[in-house]
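Asks: First the structure, which I've put down as structure tokens, then a few questions once you've had a look.
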Amino acid sequence: MTPDLVGGLESPDYASHDRAAHEPYAPVFVGDVKRELDELLTRYPTRMAVLLPALWIVQRERGWVSEEGMVEVADLLELTPAYVKGVVTFYTMYHQHPVGKYFIQVCTTSPCGICGAEDVVKAFLRHTNAGELGLTSPDGRFTVIEVECLGACGFATPVMVNEEFIESVTPEKVPDLLARLA
Amino acid sequence: MADTKMVSLTIEGRTVSVPDGTTILEAAKTAGILIPHYCYHPGLPVAGVCRMCLVEVEKAPKLAPSCATTVAEGQVVHVHSDKSLDARKGVLEMLLINHPLDCPICDQSGECELQDYTYQEGREDSRYREPKRFNPAEDFGGDVIYVPNRCILCTRCVRFMDDVAHDPVLNVSERGDRALIGKFEGKDLTHPWASNVVDLCPVGALLSKDFLNKARAWELDRTASICPNCTQGCNVTMETRENQLVRMRPRPNEHVNAFFMCDWGRLNYRWMNEKNRVEQPMVGRARALAPTSWEIAITAAARALNGKKVFVAASPMLSNEALFLLTQIMQGGVGAFRVTEGEEAPLAGVKDLALRRERAANVYGAQALGFNKTTDLLAGLKQGDVLVVAGEDLAGIEAAAIARASEVIVISSILPEVASNASVVLPIANFSEEEGTVTNLRGRVQRFTQARQAPGDTRPSWLVLGDLLGAMGKQSNFFLPSEVFASLAASNKTFAGLSYDSIGFKGLPLANAPSTGPNAPIAVGAA
Amino acid sequence: MGYPNQPHQRETPVLSRYFGDTEARSLAGWKKRGGYKALDKALGMAPADIVNVVKESGLRGRGGAGFPTGMKWSFMKPGDGKPHYLCCNADESEPGTFKDRELMRWTPHALVEGCAIGAYAIGAETAYVYIRGEFTEPLYWMEQAVKEAYGAGILGKNAMGTGKRIDVHVHKGAGAYICGEETALMESLEGRRGNPRIKPPFPAVSGVFGMPTTINNVETLIAAAPILMNGADWYKKMSLSNPKSTGTKLFSVCGNVQRPGTYEVVMGFPFKEFLYDLCGGPPHGRKFKAVIPGGASVPIQTVEEAEATLMDYEGFVAQGSMLGSGGVIVIDDGQSMVSVIARIARFFAHESCAQCTQCREGTAWTTKIMERIRDGQGTIEDLDTLLDIAEQMTGKTICVLSDSCAVPVVSGIKKFRGEFEALIQGRRFHPVIAAVA
């Protein structure tokens, strides 16, 4: 479960994703989505404050935050792309690469760790065919990662599938859970 | 200023009194104590992240970051106590655990603050037994290469681009021990002042491509000078190796350039190493120039000039001293100069600091001394005048224009093709080879000193012109450039009251210079 | 403790009263349960009087530091001509802690009400609720509640018809533990990397957007309403041990325990009874070995220390730890302490913002050594190195994340040195075999 230590503590290998494969970029912030952004801008005294919400919108619309997405957000909020990228890379929840249709995050921090979270991770990797943490299954459906504390320690092991929060997952429950996603 | 409250405190047993609001780190400097630091830089906003400058303040529960802690009345500060020394040892060990320790192949070696402080007070060994982090070097564009493995994440470069250049193209990417300085694909460090990040980098993480593997720091001779490449007059250190100029770096001056210089000025030094020099005085004999002695050449020039109407085509790169002496040999004639122009490129975060449109050091000195700025250099040359070409390369000048002169005397480092029919050629030192003063666009007179040996029999301009003046029978008795300047100050009321001693190495404004000048952006003090 | 279980009879459910009660989530249901009466009352009071009641109640910050809430509010100087801000810290990320999650998913209107009261008390027109991005369900309920409150005129430019403006906005984090640190939270809210700021200036002087700001935890703000309704004395009397710790406190319990969940007890409740009676003790056939009582960043307690603890700010300190965030992680004798601590260290290394040298490098270095020891490759010298690194990581950085990583290492080596040495000497960790139940 421990990623290779060389290269920093955790640097998931996303090399398997063909980054050029995504389609030509079409702007996210048009029509209703642009109006949504405009409404957000009224909530804060600065444009920059809308950066995190705007990036969430890009991810919601596109499934990940591409460099083109960062440029679009930067232009709208009068920031530079480098600045936006610095922020994107700070937060772990923005996908900088396309991920599987179901993005599965399994909490393995200590409280869940002592309740058997690692076995849950193994079960997900086995049943999704994702192979390794951070990689996407060959059918493009599943990406499994370990995540730090999901804040539901009393319901070990909590798992997030995209936006859905699933509590008290055990290795035995994994196949049914995956079947439900199909 | 008068109502600034002063605060007294004790640092390492020395009592200092500084204005309220001063940081402990700056206050310590006034007591001659340098508190080791990395992320702090007087020209940048405080980050307080390297944690190297932790000092012990009596009665405080924790060590204080001296860069971010302001002084308080009666404070007692210990910089070298066991506690603060131990903290710095800790920081140094941490900074080195992932560092490749590749000093033998690192350009920064010898001028590296990580190296210096580690030798000064770091541990003798490392207790780190784990694999080191590795990231490949990256071309940041412009003149800059980034070597992340050596980076200590002090963020000086990021803060310079954000807060001084106002062009945030650098960031801190990722977090934890994966963090590194990043930029956006396709957005390079092309800002005209970007190379300052190389100077600001306290370690070998940001390197100049131009200087890459060119010299070791300890092989360099360093000379205080002025950047000759525009009218801003940024204070610089000229660095030479085996008499070749290999690097120019900014020298702090809060009145002119704060801590910075532009890339164009910085990288435009090769002309001072030029090889196609005139190395001996020459006189025209039988339609060709032939080498001769200085005595013969000077005498020939004096004979040619005496009693004639003289037109001087001068270079605005010449010193105040040379231009002043030229006005003496003009005998009421006319002097003109032209100047190369380029686009102005300001450094947004520093008031009145820019790469100026006019790309020569002494445009304002030349004007103050009565030379006419023109685009048509020889327009004022009358039929039959003696033409003195002083430092001018005559680029683009037609032979026909020169033909109006009865005689041509060249006092230059390089002999222009079009002036090969000169009757006398007097080789002078170029900007890097002599001492003198120049006047910047705000009327500040600044000294530059000799960084290189001039080739062959070449002599400094002020010496050649002084001798020429003497040979013409005029009052001339100069053994030092300071004496030429003293004569200038005595005879020209614009320069009155100034001397080499008073000008020093930070310069002084002319009597009629504007009262305000450029200012450092955030803090002022020696780096 | 409510969902999924009935509250234990020895609990004192004030804030957790409606856990599991789905009707309490809607505005109508919340009003039926007495909701927004406290806000109504508050808006009829002078802000300074609200601050005084809260001061008098003895309420202290429930996020971890335990700073007196009324005093914090009193730092916000009225009439300074600047916009004031209230930030609600709902970035609950401390491993072992999930009480705020329960509060928001069951009683979102309680937080809207608490924010409105808090904002009014400190002279703010705007409150931001910064919720960690992983909390999709609490985010959903909070957004619903805010929308309903605006629709009913509870929030907005004429809040509750008083002519006063109170805005509450939900702001979604994006995955960074450090944003639970108050200055990092403000940086993040402003659209920056979540880098903690150097203090001073303190938030009450220059906080979010450079303006005077108060940051309060979810539980703290929610507690304000019952305090206003029932009076400071009522709250102050809920104190079983030290009069400096008053009211009820939510403790979230997880790890190797029969009944994990969120419990609400009066300050000073005996920890031993809490662990064995309320939480049901260790899993069958096991024994408790250690307890981390206040989230991953407080010192580890031995079972003896834990059993002697009275559950309040002072009680946990007296027994070698801290109340912290109230996230109780219980560890039984089937676990290797070295593994547990290695995993905590990895967490902090993952979450370090990378600003300060000791934290950026020290958390990762600690993790590497801890994992090496866990894998049987450690040396005795490693223990000294670990302690020395921990010393360098303590009290020397901008925020306390670095200290938090050092704390379990130091307390772990001090209290469970035998386990470290056994692994170093080549004895694999053998969990105590659980008796068949």
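Chain labels A, B, ... are given in the sequence in which chains occur in the structure tokens; within each chain residues are numbered consecutively from 1, and ligands are likewise numbered from 1 in the order shown.
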Using only C-alpha atoms, which protein or nucleic acid residues come within 8 Å of Ile409 in chain B? Drop anything in the same chain fewer than 5 positions from it, and give the result as number ranges by chain.
Replies: B: 301, 386-389, 422-426
Asks: Put those residues in a file: C-alpha atoms, as a tab-separated table (two decimals), in the first residue's frame.
Replies:
```tsv
chain	number	residue	atom	x	y	z
B	301	ALA	CA	46.29	65.37	-32.71
B	386	VAL	CA	37.99	69.03	-37.64
B	387	LEU	CA	35.85	66.03	-36.73
B	388	VAL	CA	36.64	64.36	-33.42
B	389	VAL	CA	35.01	60.96	-33.16
B	422	ALA	CA	41.54	59.44	-39.87
B	423	SER	CA	44.72	61.35	-39.41
B	424	VAL	CA	45.10	60.32	-35.75
B	425	VAL	CA	43.66	57.42	-33.80
B	426	LEU	CA	43.91	57.49	-30.01
```
Asks: Residues of chain B within 8 Å of chain A, counting only C-alpha atoms, what are they? List them as a PyMOL selection string.
Replies: chain B and resi 131-135+168-175+177-178+182-184+187
Asks: Export C-alpha atoms of the chosen residues as an mmCIF file, in the first residue's frame?
Replies:
```cif
data_model
loop_
_atom_site.group_PDB
_atom_site.id
_atom_site.type_symbol
_atom_site.label_atom_id
_atom_site.label_comp_id
_atom_site.auth_asym_id
_atom_site.auth_seq_id
_atom_site.Cartn_x
_atom_site.Cartn_y
_atom_site.Cartn_z
ATOM 1 C CA PRO B 131 16.007 7.868 -0.214
ATOM 2 C CA LYS B 132 16.167 11.459 -1.401
ATOM 3 C CA ARG B 133 13.419 13.179 -3.291
ATOM 4 C CA PHE B 134 14.199 13.747 -6.964
ATOM 5 C CA ASN B 135 12.712 16.091 -9.522
ATOM 6 C CA PRO B 168 2.768 36.156 -11.141
ATOM 7 C CA VAL B 169 4.161 33.495 -13.444
ATOM 8 C CA LEU B 170 5.763 31.436 -10.682
ATOM 9 C CA ASN B 171 3.971 29.517 -7.969
ATOM 10 C CA VAL B 172 4.516 27.022 -5.235
ATOM 11 C CA SER B 173 3.023 23.813 -6.576
ATOM 12 C CA GLU B 174 1.924 20.765 -4.605
ATOM 13 C CA ARG B 175 2.420 20.662 -0.852
ATOM 14 C CA ASP B 177 7.683 17.497 0.839
ATOM 15 C CA ARG B 178 6.395 17.220 -2.745
ATOM 16 C CA GLY B 182 6.265 25.759 -10.612
ATOM 17 C CA LYS B 183 5.102 27.697 -13.593
ATOM 18 C CA PHE B 184 2.371 27.231 -16.140
ATOM 19 C CA LYS B 187 4.045 30.889 -19.721
#
```
Asks: So that I can see what lies close to Ser412 in chain B, please list as a ChimeraX atom specification the residues with an atom at most 10 Å from it, counting only C-alpha atoms and leaving out residues fewer than 6 positions away in the same chain.
Replies: /B:277-278,314-315,318,388-393,425-430,458,461
Asks: Write out as CSV the residues of range 54-98 of chain A that have any atom within 12 Å of an atom of range 148-170 of chain A, one row each with the nearest atom pair and its distance in Å to one decimal, counting only C-alpha atoms, sorted by chain and then rising number.
Replies:
```
residue,atom,partner,partner_atom,distance
A:Trp56,CA,A:Glu163,CA,11.9
A:Gln59,CA,A:Asn162,CA,11.2
A:Arg60,CA,A:Glu163,CA,10.0
A:Gly63,CA,A:Asn162,CA,9.8
A:Trp64,CA,A:Asn162,CA,11.7
A:Thr92,CA,A:Glu148,CA,9.7
A:Met93,CA,A:Asn162,CA,10.5
A:Tyr94,CA,A:Asn162,CA,11.9
A:His95,CA,A:Asn162,CA,11.5
```
Asks: Using N, CA and C atoms, can you write the selected residues to a file as a short mmCIF file (atom, residue, chain, number, x, y, z; two decimals), in the first residue's frame?
Replies:
```
data_model
loop_
_atom_site.label_atom_id
_atom_site.label_comp_id
_atom_site.auth_asym_id
_atom_site.auth_seq_id
_atom_site.Cartn_x
_atom_site.Cartn_y
_atom_site.Cartn_z
N TRP A 56 -14.45 24.11 -8.66
CA TRP A 56 -15.43 23.05 -8.41
C TRP A 56 -16.41 22.94 -9.58
N GLN A 59 -14.79 21.21 -12.45
CA GLN A 59 -14.72 19.76 -12.23
C GLN A 59 -16.09 19.10 -12.35
N ARG A 60 -17.10 19.79 -11.88
CA ARG A 60 -18.46 19.24 -11.99
C ARG A 60 -18.86 19.08 -13.46
N GLY A 63 -15.49 16.82 -15.18
CA GLY A 63 -14.96 15.63 -14.53
C GLY A 63 -13.55 15.80 -14.01
N TRP A 64 -12.88 16.83 -14.49
CA TRP A 64 -11.52 17.11 -14.01
C TRP A 64 -11.18 18.55 -14.34
N THR A 92 -6.31 18.55 -2.69
CA THR A 92 -6.24 17.20 -3.25
C THR A 92 -7.49 16.81 -4.02
N MET A 93 -8.57 17.55 -3.86
CA MET A 93 -9.82 17.07 -4.45
C MET A 93 -10.02 17.48 -5.92
N TYR A 94 -9.18 18.38 -6.41
CA TYR A 94 -9.29 18.72 -7.84
C TYR A 94 -8.50 17.70 -8.64
N HIS A 95 -9.16 17.07 -9.60
CA HIS A 95 -8.47 16.09 -10.43
C HIS A 95 -7.71 16.81 -11.52
#
```
Asks: Please, which residues in chain B fall within 8 Å of chain C when counting only C-alpha atoms, and what is the closest atom pair and distance in Å to one decimal for each, ordered by chain then residue number, as JSON lines?
Replies:
```
{"residue": "B:Gly48", "atom": "CA", "partner": "C:Ile198", "partner_atom": "CA", "distance": 7.3}
{"residue": "B:Val49", "atom": "CA", "partner": "C:Cys356", "partner_atom": "CA", "distance": 4.6}
{"residue": "B:Cys50", "atom": "CA", "partner": "C:Thr357", "partner_atom": "CA", "distance": 5.4}
{"residue": "B:Arg51", "atom": "CA", "partner": "C:Cys356", "partner_atom": "CA", "distance": 6.4}
{"residue": "B:Leu54", "atom": "CA", "partner": "C:Lys396", "partner_atom": "CA", "distance": 7.8}
{"residue": "B:Lys62", "atom": "CA", "partner": "C:Gly395", "partner_atom": "CA", "distance": 6.3}
{"residue": "B:Leu63", "atom": "CA", "partner": "C:Lys396", "partner_atom": "CA", "distance": 6.7}
{"residue": "B:Ala68", "atom": "CA", "partner": "C:Ile198", "partner_atom": "CA", "distance": 7.9}
{"residue": "B:Ala87", "atom": "CA", "partner": "C:Gln392", "partner_atom": "CA", "distance": 6.5}
{"residue": "B:Gly90", "atom": "CA", "partner": "C:Gln392", "partner_atom": "CA", "distance": 5.9}
{"residue": "B:Val91", "atom": "CA", "partner": "C:Gln358", "partner_atom": "CA", "distance": 6.2}
{"residue": "B:Met94", "atom": "CA", "partner": "C:Glu361", "partner_atom": "CA", "distance": 5.8}
{"residue": "B:Leu95", "atom": "CA", "partner": "C:Thr357", "partner_atom": "CA", "distance": 6.8}
{"residue": "B:Ile97", "atom": "CA", "partner": "C:Glu361", "partner_atom": "CA", "distance": 7.8}
{"residue": "B:Arg127", "atom": "CA", "partner": "C:Thr385", "partner_atom": "CA", "distance": 7.3}
{"residue": "B:Tyr128", "atom": "CA", "partner": "C:Trp365", "partner_atom": "CA", "distance": 7.9}
{"residue": "B:Glu130", "atom": "CA", "partner": "C:Lys368", "partner_atom": "CA", "distance": 6.9}
{"residue": "B:Ile152", "atom": "CA", "partner": "C:Thr357", "partner_atom": "CA", "distance": 7.9}
{"residue": "B:Leu153", "atom": "CA", "partner": "C:Gln355", "partner_atom": "CA", "distance": 7.5}
{"residue": "B:Arg175", "atom": "CA", "partner": "C:Ala354", "partner_atom": "CA", "distance": 5.1}
{"residue": "B:Gly176", "atom": "CA", "partner": "C:Ala354", "partner_atom": "CA", "distance": 4.4}
{"residue": "B:Asp177", "atom": "CA", "partner": "C:Arg360", "partner_atom": "CA", "distance": 5.2}
{"residue": "B:Ala179", "atom": "CA", "partner": "C:Ala354", "partner_atom": "CA", "distance": 6.3}
```
Asks: Could you list, as a ChimeraX atom specification, the residues of chain C having an atom within 7 Å of chain A when counting only C-alpha atoms?
Replies: /C:92-93,95-98,134,136,172,174-176,189-193,253-256,260-261,329,335,340,343-344,347,364
